[in-house]
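Data block for structure_30.cif (mmCIF, C-alpha atoms and all ligand atoms):
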data_final
loop_
_atom_site.group_PDB
_atom_site.id
_atom_site.type_symbol
_atom_site.label_atom_id
_atom_site.label_comp_id
_atom_site.auth_asym_id
_atom_site.auth_seq_id
_atom_site.Cartn_x
_atom_site.Cartn_y
_atom_site.Cartn_z
ATOM 1 C CA MET A 453 -78.460 -111.101 -50.664
ATOM 2 C CA TYR A 454 -74.765 -110.595 -50.304
ATOM 3 C CA GLN A 455 -72.392 -113.465 -50.906
ATOM 4 C CA LEU A 456 -69.058 -114.519 -49.532
ATOM 5 C CA PRO A 457 -66.440 -113.161 -51.952
ATOM 6 C CA LYS A 458 -64.104 -115.699 -53.452
ATOM 7 C CA LEU A 459 -60.737 -115.821 -51.715
ATOM 8 C CA ASN A 460 -58.178 -115.538 -54.497
ATOM 9 C CA TYR A 461 -55.495 -117.477 -52.636
ATOM 10 C CA SER A 462 -55.207 -120.541 -50.435
ATOM 11 C CA PHE A 463 -55.565 -120.439 -46.668
ATOM 12 C CA ASP A 464 -51.824 -121.091 -46.267
ATOM 13 C CA ALA A 465 -50.745 -118.389 -48.736
ATOM 14 C CA LEU A 466 -49.826 -115.930 -45.981
ATOM 15 C CA GLU A 467 -47.827 -118.369 -43.847
ATOM 16 C CA PRO A 468 -45.943 -117.958 -41.611
ATOM 17 C CA PHE A 469 -47.201 -114.447 -40.897
ATOM 18 C CA ILE A 470 -50.885 -115.353 -40.856
ATOM 19 C CA ASP A 471 -51.431 -119.069 -40.351
ATOM 20 C CA ALA A 472 -53.715 -121.267 -42.447
ATOM 21 C CA LYS A 473 -56.015 -122.223 -39.576
ATOM 22 C CA THR A 474 -56.675 -118.604 -38.655
ATOM 23 C CA MET A 475 -57.412 -117.770 -42.288
ATOM 24 C CA GLU A 476 -59.783 -120.706 -42.618
ATOM 25 C CA VAL A 477 -61.760 -119.902 -39.475
ATOM 26 C CA HIS A 478 -61.684 -116.162 -40.115
ATOM 27 C CA TYR A 479 -63.000 -116.505 -43.658
ATOM 28 C CA SER A 480 -65.334 -119.492 -43.445
ATOM 29 C CA LYS A 481 -66.763 -118.888 -39.981
ATOM 30 C CA HIS A 482 -66.408 -115.269 -38.923
ATOM 31 C CA HIS A 483 -66.947 -113.621 -42.295
ATOM 32 C CA GLN A 484 -69.759 -116.068 -43.110
ATOM 33 C CA SER A 485 -71.465 -115.158 -39.861
ATOM 34 C CA TYR A 486 -71.286 -111.391 -40.515
ATOM 35 C CA LEU A 487 -72.655 -112.078 -43.971
ATOM 36 C CA ASP A 488 -75.564 -114.249 -42.838
ATOM 37 C CA LYS A 489 -76.577 -111.760 -40.162
ATOM 38 C CA THR A 490 -76.387 -108.850 -42.615
ATOM 39 C CA ASN A 491 -78.614 -110.681 -45.078
ATOM 40 C CA ALA A 492 -81.073 -111.553 -42.320
ATOM 41 C CA ALA A 493 -81.236 -107.961 -41.037
ATOM 42 C CA LEU A 494 -81.765 -106.406 -44.472
ATOM 43 C CA ALA A 495 -84.162 -109.025 -45.859
ATOM 44 C CA GLY A 496 -87.405 -107.444 -47.003
ATOM 45 C CA THR A 497 -86.165 -103.871 -46.591
ATOM 46 C CA GLU A 498 -85.509 -101.314 -49.333
ATOM 47 C CA TRP A 499 -81.797 -101.739 -48.691
ATOM 48 C CA GLU A 500 -81.422 -105.440 -49.397
ATOM 49 C CA ASN A 501 -80.226 -105.032 -52.987
ATOM 50 C CA LYS A 502 -78.084 -101.959 -52.427
ATOM 51 C CA PRO A 503 -74.289 -102.217 -52.364
ATOM 52 C CA ILE A 504 -73.159 -102.728 -48.779
ATOM 53 C CA LYS A 505 -70.996 -99.618 -49.001
ATOM 54 C CA GLU A 506 -74.051 -97.501 -49.794
ATOM 55 C CA VAL A 507 -75.882 -99.037 -46.849
ATOM 56 C CA LEU A 508 -73.013 -98.169 -44.494
ATOM 57 C CA GLN A 509 -72.891 -94.631 -45.854
ATOM 58 C CA ASN A 510 -76.564 -94.266 -44.988
ATOM 59 C CA LEU A 511 -76.656 -96.044 -41.660
ATOM 60 C CA ASP A 512 -78.566 -93.178 -40.031
ATOM 61 C CA LYS A 513 -81.454 -93.699 -42.472
ATOM 62 C CA LEU A 514 -82.000 -97.322 -41.455
ATOM 63 C CA ASP A 515 -84.852 -98.350 -39.219
ATOM 64 C CA GLU A 516 -83.827 -98.371 -35.562
ATOM 65 C CA SER A 517 -84.807 -102.035 -35.293
ATOM 66 C CA ILE A 518 -82.005 -103.122 -37.671
ATOM 67 C CA LYS A 519 -79.485 -100.285 -37.410
ATOM 68 C CA MET A 520 -77.244 -101.922 -34.824
ATOM 69 C CA ALA A 521 -77.285 -105.323 -36.544
ATOM 70 C CA VAL A 522 -76.337 -103.731 -39.859
ATOM 71 C CA LYS A 523 -73.656 -101.546 -38.310
ATOM 72 C CA ASN A 524 -72.020 -104.575 -36.689
ATOM 73 C CA ASN A 525 -72.555 -107.244 -39.325
ATOM 74 C CA GLY A 526 -72.743 -105.149 -42.473
ATOM 75 C CA GLY A 527 -69.572 -103.433 -41.313
ATOM 76 C CA GLY A 528 -68.059 -106.855 -40.676
ATOM 77 C CA HIS A 529 -68.977 -108.049 -44.164
ATOM 78 C CA TYR A 530 -67.624 -104.934 -45.847
ATOM 79 C CA HIS A 531 -64.401 -104.833 -43.837
ATOM 80 C CA HIS A 532 -63.550 -108.497 -44.336
ATOM 81 C CA THR A 533 -64.227 -108.344 -48.071
ATOM 82 C CA PHE A 534 -61.809 -105.408 -48.131
ATOM 83 C CA PHE A 535 -59.284 -107.106 -45.836
ATOM 84 C CA TRP A 536 -58.822 -110.289 -47.931
ATOM 85 C CA GLU A 537 -57.832 -108.149 -50.900
ATOM 86 C CA ILE A 538 -55.143 -106.145 -49.177
ATOM 87 C CA LEU A 539 -53.264 -109.258 -48.054
ATOM 88 C CA LYS A 540 -50.432 -110.712 -50.134
ATOM 89 C CA LYS A 541 -46.837 -111.607 -49.491
ATOM 90 C CA ASP A 542 -43.845 -110.125 -51.272
ATOM 91 C CA THR A 543 -45.275 -107.018 -52.861
ATOM 92 C CA LEU A 544 -43.264 -103.820 -53.021
ATOM 93 C CA PHE A 545 -44.037 -100.603 -51.202
ATOM 94 C CA SER A 546 -44.273 -98.537 -54.365
ATOM 95 C CA GLY A 547 -46.487 -96.516 -56.653
ATOM 96 C CA GLU A 548 -48.401 -93.310 -56.012
ATOM 97 C CA VAL A 549 -49.488 -94.452 -52.563
ATOM 98 C CA ALA A 550 -45.880 -94.895 -51.461
ATOM 99 C CA SER A 551 -45.064 -91.326 -52.519
ATOM 100 C CA ALA A 552 -48.172 -90.029 -50.788
ATOM 101 C CA ILE A 553 -47.322 -91.885 -47.572
ATOM 102 C CA GLU A 554 -43.754 -90.559 -47.610
ATOM 103 C CA THR A 555 -45.037 -87.038 -48.145
ATOM 104 C CA GLU A 556 -47.710 -87.207 -45.447
ATOM 105 C CA PHE A 557 -45.773 -89.112 -42.777
ATOM 106 C CA LYS A 558 -42.216 -88.036 -43.753
ATOM 107 C CA SER A 559 -41.003 -91.643 -44.100
ATOM 108 C CA PHE A 560 -42.238 -95.222 -44.349
ATOM 109 C CA ASP A 561 -40.825 -95.931 -40.887
ATOM 110 C CA GLU A 562 -42.753 -93.069 -39.355
ATOM 111 C CA PHE A 563 -45.943 -94.250 -41.093
ATOM 112 C CA LYS A 564 -45.340 -97.791 -39.825
ATOM 113 C CA LYS A 565 -44.813 -96.473 -36.320
ATOM 114 C CA GLN A 566 -48.035 -94.453 -36.299
ATOM 115 C CA PHE A 567 -50.123 -97.175 -37.930
ATOM 116 C CA SER A 568 -48.800 -99.793 -35.494
ATOM 117 C CA GLU A 569 -49.485 -97.466 -32.584
ATOM 118 C CA ALA A 570 -53.111 -97.124 -33.718
ATOM 119 C CA ALA A 571 -53.426 -100.918 -34.037
ATOM 120 C CA LEU A 572 -51.922 -101.487 -30.597
ATOM 121 C CA THR A 573 -53.913 -98.841 -28.774
ATOM 122 C CA GLN A 574 -57.324 -99.829 -30.156
ATOM 123 C CA PHE A 575 -58.731 -101.083 -26.864
ATOM 124 C CA GLY A 576 -60.582 -104.362 -27.331
ATOM 125 C CA SER A 577 -61.933 -105.318 -30.737
ATOM 126 C CA GLY A 578 -61.624 -103.116 -33.777
ATOM 127 C CA TRP A 579 -59.467 -101.992 -36.659
ATOM 128 C CA ALA A 580 -56.718 -99.544 -37.520
ATOM 129 C CA TRP A 581 -56.971 -97.914 -40.919
ATOM 130 C CA LEU A 582 -55.149 -95.811 -43.422
ATOM 131 C CA VAL A 583 -57.900 -93.757 -44.989
ATOM 132 C CA VAL A 584 -58.328 -91.013 -47.565
ATOM 133 C CA THR A 585 -60.342 -88.145 -46.110
ATOM 134 C CA GLU A 586 -62.983 -86.129 -47.944
ATOM 135 C CA ASP A 587 -60.329 -83.537 -48.822
ATOM 136 C CA LYS A 588 -58.154 -86.354 -50.248
ATOM 137 C CA LYS A 589 -55.596 -86.460 -47.476
ATOM 138 C CA LEU A 590 -54.114 -89.576 -45.920
ATOM 139 C CA GLU A 591 -54.975 -90.190 -42.296
ATOM 140 C CA ILE A 592 -54.512 -93.022 -39.777
ATOM 141 C CA ILE A 593 -57.561 -93.774 -37.668
ATOM 142 C CA LYS A 594 -58.851 -96.598 -35.505
ATOM 143 C CA THR A 595 -62.426 -97.778 -35.074
ATOM 144 C CA ALA A 596 -64.075 -99.977 -32.460
ATOM 145 C CA ASN A 597 -65.875 -103.224 -33.261
ATOM 146 C CA GLN A 598 -67.050 -103.076 -36.889
ATOM 147 C CA ASP A 599 -67.719 -99.331 -36.935
ATOM 148 C CA SER A 600 -66.784 -98.293 -40.451
ATOM 149 C CA PRO A 601 -64.672 -95.405 -41.750
ATOM 150 C CA ILE A 602 -67.213 -95.384 -44.594
ATOM 151 C CA THR A 603 -69.948 -94.229 -42.217
ATOM 152 C CA ILE A 604 -67.881 -91.173 -41.222
ATOM 153 C CA GLY A 605 -67.016 -90.272 -44.813
ATOM 154 C CA LYS A 606 -63.505 -91.702 -44.924
ATOM 155 C CA GLU A 607 -62.346 -94.160 -47.574
ATOM 156 C CA PRO A 608 -60.174 -97.004 -46.246
ATOM 157 C CA ILE A 609 -57.237 -98.002 -48.427
ATOM 158 C CA LEU A 610 -55.443 -100.228 -45.881
ATOM 159 C CA GLY A 611 -56.686 -101.799 -42.667
ATOM 160 C CA ILE A 612 -55.680 -104.262 -39.986
ATOM 161 C CA ASP A 613 -58.198 -106.375 -38.140
ATOM 162 C CA VAL A 614 -57.206 -106.371 -34.463
ATOM 163 C CA TRP A 615 -60.076 -108.498 -33.199
ATOM 164 C CA GLU A 616 -58.550 -111.421 -31.297
ATOM 165 C CA HIS A 617 -60.095 -113.834 -33.825
ATOM 166 C CA ALA A 618 -57.650 -112.391 -36.382
ATOM 167 C CA TYR A 619 -54.538 -113.475 -34.490
ATOM 168 C CA TYR A 620 -55.225 -115.372 -31.276
ATOM 169 C CA LEU A 621 -54.632 -118.931 -32.560
ATOM 170 C CA LYS A 622 -51.074 -118.107 -33.558
ATOM 171 C CA TYR A 623 -50.118 -115.074 -31.515
ATOM 172 C CA HIS A 624 -52.263 -115.511 -28.409
ATOM 173 C CA ASN A 625 -52.131 -112.235 -26.464
ATOM 174 C CA LYS A 626 -49.173 -110.852 -28.445
ATOM 175 C CA ARG A 627 -50.921 -108.336 -30.625
ATOM 176 C CA ALA A 628 -47.661 -106.422 -31.156
ATOM 177 C CA GLU A 629 -46.061 -109.421 -32.884
ATOM 178 C CA TYR A 630 -49.092 -109.850 -35.145
ATOM 179 C CA VAL A 631 -49.015 -106.159 -36.057
ATOM 180 C CA GLU A 632 -45.283 -106.321 -36.845
ATOM 181 C CA ASN A 633 -45.786 -109.385 -39.068
ATOM 182 C CA PHE A 634 -48.808 -107.834 -40.772
ATOM 183 C CA PHE A 635 -46.354 -105.556 -42.568
ATOM 184 C CA SER A 636 -45.013 -108.650 -44.384
ATOM 185 C CA VAL A 637 -48.411 -109.399 -45.919
ATOM 186 C CA ILE A 638 -49.588 -105.990 -47.109
ATOM 187 C CA ASN A 639 -50.581 -106.126 -50.752
ATOM 188 C CA TRP A 640 -49.185 -102.759 -51.814
ATOM 189 C CA GLU A 641 -50.454 -103.217 -55.376
ATOM 190 C CA GLN A 642 -54.014 -103.381 -54.054
ATOM 191 C CA VAL A 643 -53.442 -100.543 -51.578
ATOM 192 C CA ASN A 644 -52.175 -98.421 -54.450
ATOM 193 C CA LYS A 645 -55.292 -99.293 -56.484
ATOM 194 C CA ASN A 646 -57.466 -98.368 -53.515
ATOM 195 C CA TYR A 647 -55.597 -95.083 -53.170
ATOM 196 C CA LEU A 648 -55.966 -94.150 -56.835
ATOM 197 C CA GLU A 649 -59.682 -94.958 -56.694
ATOM 198 C CA ALA A 650 -60.124 -92.921 -53.497
ATOM 199 C CA ILE A 651 -58.471 -89.734 -54.800
ATOM 200 C CA LYS A 652 -60.429 -89.692 -58.079
HETATM 201 MN MN MN B 1 -62.142 -110.329 -38.440
#
Taking this structure as input, can you express it in the form of structure tokens?
Ligand code: MN
Amino acid sequence: MYQLPKLNYSFDALEPFIDAKTMEVHYSKHHQSYLDKTNAALAGTEWENKPIKEVLQNLDKLDESIKMAVKNNGGGHYHHTFFWEILKKDTLFSGEVASAIETEFKSFDEFKKQFSEAALTQFGSGWAWLVVTEDKKLEIIKTANQDSPITIGKEPILGIDVWEHAYYLKYHNKRAEYVENFFSVINWEQVNKNYLEAIK
């Protein structure tokens, strides 16, 4: 049985960029729902006590009867657990990940442009990601629904949820404004940790 991870900050901690009501609903309703459905799908199977990451890495080995439920909800659980940790106001773009981004994308501005483009062009629900590939290179990708970079062998170090539930209450249809403001709540300390772990 997986559990809802503790949120290490209050719902209003990311105001005004991400509003308290969105955080509350996103965490206590949406994440909870992914979690409950993941637990229900995996109950009684050999996978129920495995780390969710391992399950997503082995999605093709799951029984057909639960594969889709685990892809959608297990992905949702994993991604949201990840997402809460990479959000924080007032951290500095710094550390090894900053150097790596500047090397790979030439500049922070160019990285921001490409990442935003991925977030804006993900049609419908999904995510845009900064991942570390199997050969330890940085790459920007987007995925539909809760399809996980993990399943295709890529390690996410930063991600933006572009499902409408992540921004609609405050931003309505203006995804571009949400994406712009997301850059004010990236926890670069955590992204750097994720990067260092991914290139090990
Ligand atoms: Mn979400």
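Counting only C-alpha atoms and all ligand atoms and comparing A:Lys588, A:His617, A:Lys594, A:Lys473, the residue that lies closest to ligand MN 1 (chain B) is A:His617.
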Item to check | Who sits within 7 Å of stretch 527-538 of chain A, all atoms listed in the file, same chain under 4 positions skipped, as number ranges by chain | outcome: A: 457, 459, 483, 486-487, 504, 522-523, 598-600, 610-611, 638-639, 642-643
Can I get the selection written as an mmCIF file, in the frame of the given file, with C-alpha atoms?
data_model
loop_
_atom_site.group_PDB
_atom_site.id
_atom_site.type_symbol
_atom_site.label_atom_id
_atom_site.label_comp_id
_atom_site.auth_asym_id
_atom_site.auth_seq_id
_atom_site.Cartn_x
_atom_site.Cartn_y
_atom_site.Cartn_z
ATOM 1 C CA PRO A 457 -66.440 -113.161 -51.952
ATOM 2 C CA LEU A 459 -60.737 -115.821 -51.715
ATOM 3 C CA HIS A 483 -66.947 -113.621 -42.295
ATOM 4 C CA TYR A 486 -71.286 -111.391 -40.515
ATOM 5 C CA LEU A 487 -72.655 -112.078 -43.971
ATOM 6 C CA ILE A 504 -73.159 -102.728 -48.779
ATOM 7 C CA VAL A 522 -76.337 -103.731 -39.859
ATOM 8 C CA LYS A 523 -73.656 -101.546 -38.310
ATOM 9 C CA GLN A 598 -67.050 -103.076 -36.889
ATOM 10 C CA ASP A 599 -67.719 -99.331 -36.935
ATOM 11 C CA SER A 600 -66.784 -98.293 -40.451
ATOM 12 C CA LEU A 610 -55.443 -100.228 -45.881
ATOM 13 C CA GLY A 611 -56.686 -101.799 -42.667
ATOM 14 C CA ILE A 638 -49.588 -105.990 -47.109
ATOM 15 C CA ASN A 639 -50.581 -106.126 -50.752
ATOM 16 C CA GLN A 642 -54.014 -103.381 -54.054
ATOM 17 C CA VAL A 643 -53.442 -100.543 -51.578
#
Item to check | Result set of the PyMOL selection byres (((chain A and resi 573) around 12) and not hetatm) on the coordinates above, as a PyMOL selection string | outcome: chain A and resi 566-572+574-580+593-596+614+627-628+631
Please, could you write that set of residues out with C-alpha atoms as a PDB file, in the frame of the given file?
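Wrote it out as result-v2.pdb, contents follow:
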ATOM      1  CA  GLN A 566     -48.035 -94.453 -36.299  1.00  0.00           C
ATOM      2  CA  PHE A 567     -50.123 -97.175 -37.930  1.00  0.00           C
ATOM      3  CA  SER A 568     -48.800 -99.793 -35.494  1.00  0.00           C
ATOM      4  CA  GLU A 569     -49.485 -97.466 -32.584  1.00  0.00           C
ATOM      5  CA  ALA A 570     -53.111 -97.124 -33.718  1.00  0.00           C
ATOM      6  CA  ALA A 571     -53.426-100.918 -34.037  1.00  0.00           C
ATOM      7  CA  LEU A 572     -51.922-101.487 -30.597  1.00  0.00           C
ATOM      8  CA  GLN A 574     -57.324 -99.829 -30.156  1.00  0.00           C
ATOM      9  CA  PHE A 575     -58.731-101.083 -26.864  1.00  0.00           C
ATOM     10  CA  GLY A 576     -60.582-104.362 -27.331  1.00  0.00           C
ATOM     11  CA  SER A 577     -61.933-105.318 -30.737  1.00  0.00           C
ATOM     12  CA  GLY A 578     -61.624-103.116 -33.777  1.00  0.00           C
ATOM     13  CA  TRP A 579     -59.467-101.992 -36.659  1.00  0.00           C
ATOM     14  CA  ALA A 580     -56.718 -99.544 -37.520  1.00  0.00           C
ATOM     15  CA  ILE A 593     -57.561 -93.774 -37.668  1.00  0.00           C
ATOM     16  CA  LYS A 594     -58.851 -96.598 -35.505  1.00  0.00           C
ATOM     17  CA  THR A 595     -62.426 -97.778 -35.074  1.00  0.00           C
ATOM     18  CA  ALA A 596     -64.075 -99.977 -32.460  1.00  0.00           C
ATOM     19  CA  VAL A 614     -57.206-106.371 -34.463  1.00  0.00           C
ATOM     20  CA  ARG A 627     -50.921-108.336 -30.625  1.00  0.00           C
ATOM     21  CA  ALA A 628     -47.661-106.422 -31.156  1.00  0.00           C
ATOM     22  CA  VAL A 631     -49.015-106.159 -36.057  1.00  0.00           C
TER      23      VAL A 631
END
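Distances from A:Ile518, A:Ala472, A:Ala550, A:Leu508 to A:Lys606 were compared using all atoms listed in the file, and the smallest one belongs to A:Leu508.
Neighbouring residues of A:Gly547 at 10 Å or closer, counting only C-alpha atoms and skipping chain neighbours under 4 positions away, are A:Ser551, A:Ala552, A:Trp640, A:Glu641, A:Val643, A:Asn644, A:Lys645, A:Tyr647, A:Leu648.
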Next on the checklist: Just want the residues within 6 Å of ligand MN 1 (chain B), written as a VMD selection string, counting only C-alpha atoms and all ligand atoms.
Outcome noted: chain A and resid 613 615 618
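The closest residue to A:Trp499, picked from A:Val477, A:Phe469, A:Lys558, A:Met453 and counting all atoms listed in the file, is A:Met453.
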Checklist entry - What separation in Å, quoted to one decimal, exists between atom CA of A:Leu590 and atom CA of A:Ser636? => result 21.2 Å
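Residue nearest A:Leu466 within the list A:Ser546, A:Asn633, A:Ser480, A:Thr497: A:Asn633 [criterion: smallest interatomic distance, all atoms listed in the file].
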Item to check | d(atom CA of A:Ile470, atom CA of A:His624) in Å | outcome: 12.5 Å
Item to check | atom CA of A:His482 to atom CA of A:Val507, straight-line distance in Å | outcome: 20.4 Å
Checklist outcome for this item: Using all atoms listed in the file, the shortest atom-to-atom distance to A:Lys622 among A:Phe463, A:Lys502, A:Met475, A:Phe545 belongs to A:Met475
Item to check | Minimum-distance residue to A:Tyr461, chosen among A:Leu539, A:Ala493, A:Met520, A:Leu511 (using all atoms listed in the file) | outcome: A:Leu539
Build an axis-aligned box that encloses every atom of stretch 634-641 of chain A listed in the file, pad it by 3 Å on each side, and report its centre and edge lengths in Å to one decimal, as JSON.
{"center_x": -47.8, "center_y": -106.1, "center_z": -48.1, "size_x": 11.6, "size_y": 12.6, "size_z": 20.6}
Test item: write stretch 483-493 of chain A with all heavy atoms as a JSON list (two decimals), in the first residue's frame:
[["chain", "number", "residue", "atom", "x", "y", "z"],
["A", 483, "HIS", "N", -4.24, 13.80, -6.16],
["A", 483, "HIS", "CA", -3.19, 12.84, -5.82],
["A", 483, "HIS", "C", -3.77, 11.66, -5.04],
["A", 483, "HIS", "O", -3.45, 10.51, -5.31],
["A", 483, "HIS", "CB", -2.06, 13.53, -5.03],
["A", 483, "HIS", "CG", -0.83, 12.68, -4.88],
["A", 483, "HIS", "ND1", 0.36, 13.17, -4.44],
["A", 483, "HIS", "CD2", -0.63, 11.36, -5.11],
["A", 483, "HIS", "CE1", 1.26, 12.17, -4.41],
["A", 483, "HIS", "NE2", 0.67, 11.07, -4.80],
["A", 484, "GLN", "N", -4.64, 11.97, -4.09],
["A", 484, "GLN", "CA", -5.28, 10.90, -3.29],
["A", 484, "GLN", "C", -5.99, 9.89, -4.19],
["A", 484, "GLN", "O", -5.93, 8.69, -3.95],
["A", 484, "GLN", "CB", -6.28, 11.52, -2.30],
["A", 484, "GLN", "CG", -6.93, 10.50, -1.37],
["A", 484, "GLN", "CD", -5.96, 9.97, -0.32],
["A", 484, "GLN", "OE1", -5.31, 10.76, 0.36],
["A", 484, "GLN", "NE2", -5.84, 8.66, -0.19],
["A", 485, "SER", "N", -6.64, 10.38, -5.21],
["A", 485, "SER", "CA", -7.37, 9.51, -6.11],
["A", 485, "SER", "C", -6.43, 8.61, -6.92],
["A", 485, "SER", "O", -6.67, 7.40, -7.06],
["A", 485, "SER", "CB", -8.24, 10.37, -7.04],
["A", 485, "SER", "OG", -8.74, 9.58, -8.09],
["A", 486, "TYR", "N", -5.33, 9.17, -7.44],
["A", 486, "TYR", "CA", -4.34, 8.34, -8.13],
["A", 486, "TYR", "C", -3.82, 7.25, -7.20],
["A", 486, "TYR", "O", -3.65, 6.10, -7.58],
["A", 486, "TYR", "CB", -3.15, 9.20, -8.59],
["A", 486, "TYR", "CG", -3.44, 10.18, -9.71],
["A", 486, "TYR", "CD1", -3.21, 11.54, -9.54],
["A", 486, "TYR", "CD2", -3.90, 9.74, -10.95],
["A", 486, "TYR", "CE1", -3.45, 12.45, -10.57],
["A", 486, "TYR", "CE2", -4.14, 10.64, -11.98],
["A", 486, "TYR", "CZ", -3.91, 12.00, -11.79],
["A", 486, "TYR", "OH", -4.14, 12.88, -12.80],
["A", 487, "LEU", "N", -3.57, 7.67, -5.96],
["A", 487, "LEU", "CA", -3.02, 6.76, -4.96],
["A", 487, "LEU", "C", -4.00, 5.61, -4.66],
["A", 487, "LEU", "O", -3.61, 4.44, -4.69],
["A", 487, "LEU", "CB", -2.76, 7.58, -3.69],
["A", 487, "LEU", "CG", -2.21, 6.83, -2.50],
["A", 487, "LEU", "CD1", -0.77, 6.43, -2.77],
["A", 487, "LEU", "CD2", -2.28, 7.71, -1.26],
["A", 488, "ASP", "N", -5.23, 5.96, -4.39],
["A", 488, "ASP", "CA", -6.23, 4.93, -4.05],
["A", 488, "ASP", "C", -6.40, 3.94, -5.20],
["A", 488, "ASP", "O", -6.50, 2.74, -4.99],
["A", 488, "ASP", "CB", -7.58, 5.60, -3.74],
["A", 488, "ASP", "CG", -7.54, 6.41, -2.45],
["A", 488, "ASP", "OD1", -6.59, 6.24, -1.67],
["A", 488, "ASP", "OD2", -8.47, 7.23, -2.25],
["A", 489, "LYS", "N", -6.43, 4.47, -6.42],
["A", 489, "LYS", "CA", -6.64, 3.58, -7.57],
["A", 489, "LYS", "C", -5.42, 2.72, -7.85],
["A", 489, "LYS", "O", -5.54, 1.59, -8.33],
["A", 489, "LYS", "CB", -7.02, 4.41, -8.81],
["A", 489, "LYS", "CG", -8.44, 4.98, -8.69],
["A", 489, "LYS", "CD", -8.78, 5.92, -9.82],
["A", 489, "LYS", "CE", -10.16, 6.54, -9.63],
["A", 489, "LYS", "NZ", -10.34, 7.76, -10.42],
["A", 490, "THR", "N", -4.23, 3.24, -7.55],
["A", 490, "THR", "CA", -3.01, 2.43, -7.69],
["A", 490, "THR", "C", -3.05, 1.28, -6.69],
["A", 490, "THR", "O", -2.79, 0.13, -7.04],
["A", 490, "THR", "CB", -1.75, 3.28, -7.43],
["A", 490, "THR", "OG1", -1.78, 4.43, -8.27],
["A", 490, "THR", "CG2", -0.48, 2.48, -7.73],
["A", 491, "ASN", "N", -3.35, 1.61, -5.45],
["A", 491, "ASN", "CA", -3.41, 0.58, -4.41],
["A", 491, "ASN", "C", -4.44, -0.50, -4.75],
["A", 491, "ASN", "O", -4.19, -1.69, -4.58],
["A", 491, "ASN", "CB", -3.74, 1.22, -3.05],
["A", 491, "ASN", "CG", -2.53, 1.93, -2.46],
["A", 491, "ASN", "OD1", -1.39, 1.58, -2.75],
["A", 491, "ASN", "ND2", -2.78, 2.93, -1.62],
["A", 492, "ALA", "N", -5.59, -0.05, -5.26],
["A", 492, "ALA", "CA", -6.65, -1.01, -5.61],
["A", 492, "ALA", "C", -6.20, -1.92, -6.74],
["A", 492, "ALA", "O", -6.42, -3.14, -6.72],
["A", 492, "ALA", "CB", -7.92, -0.26, -6.00],
["A", 493, "ALA", "N", -5.53, -1.34, -7.75],
["A", 493, "ALA", "CA", -5.11, -2.14, -8.92],
["A", 493, "ALA", "C", -4.04, -3.17, -8.55],
["A", 493, "ALA", "O", -4.04, -4.28, -9.07],
["A", 493, "ALA", "CB", -4.60, -1.22, -10.02]]
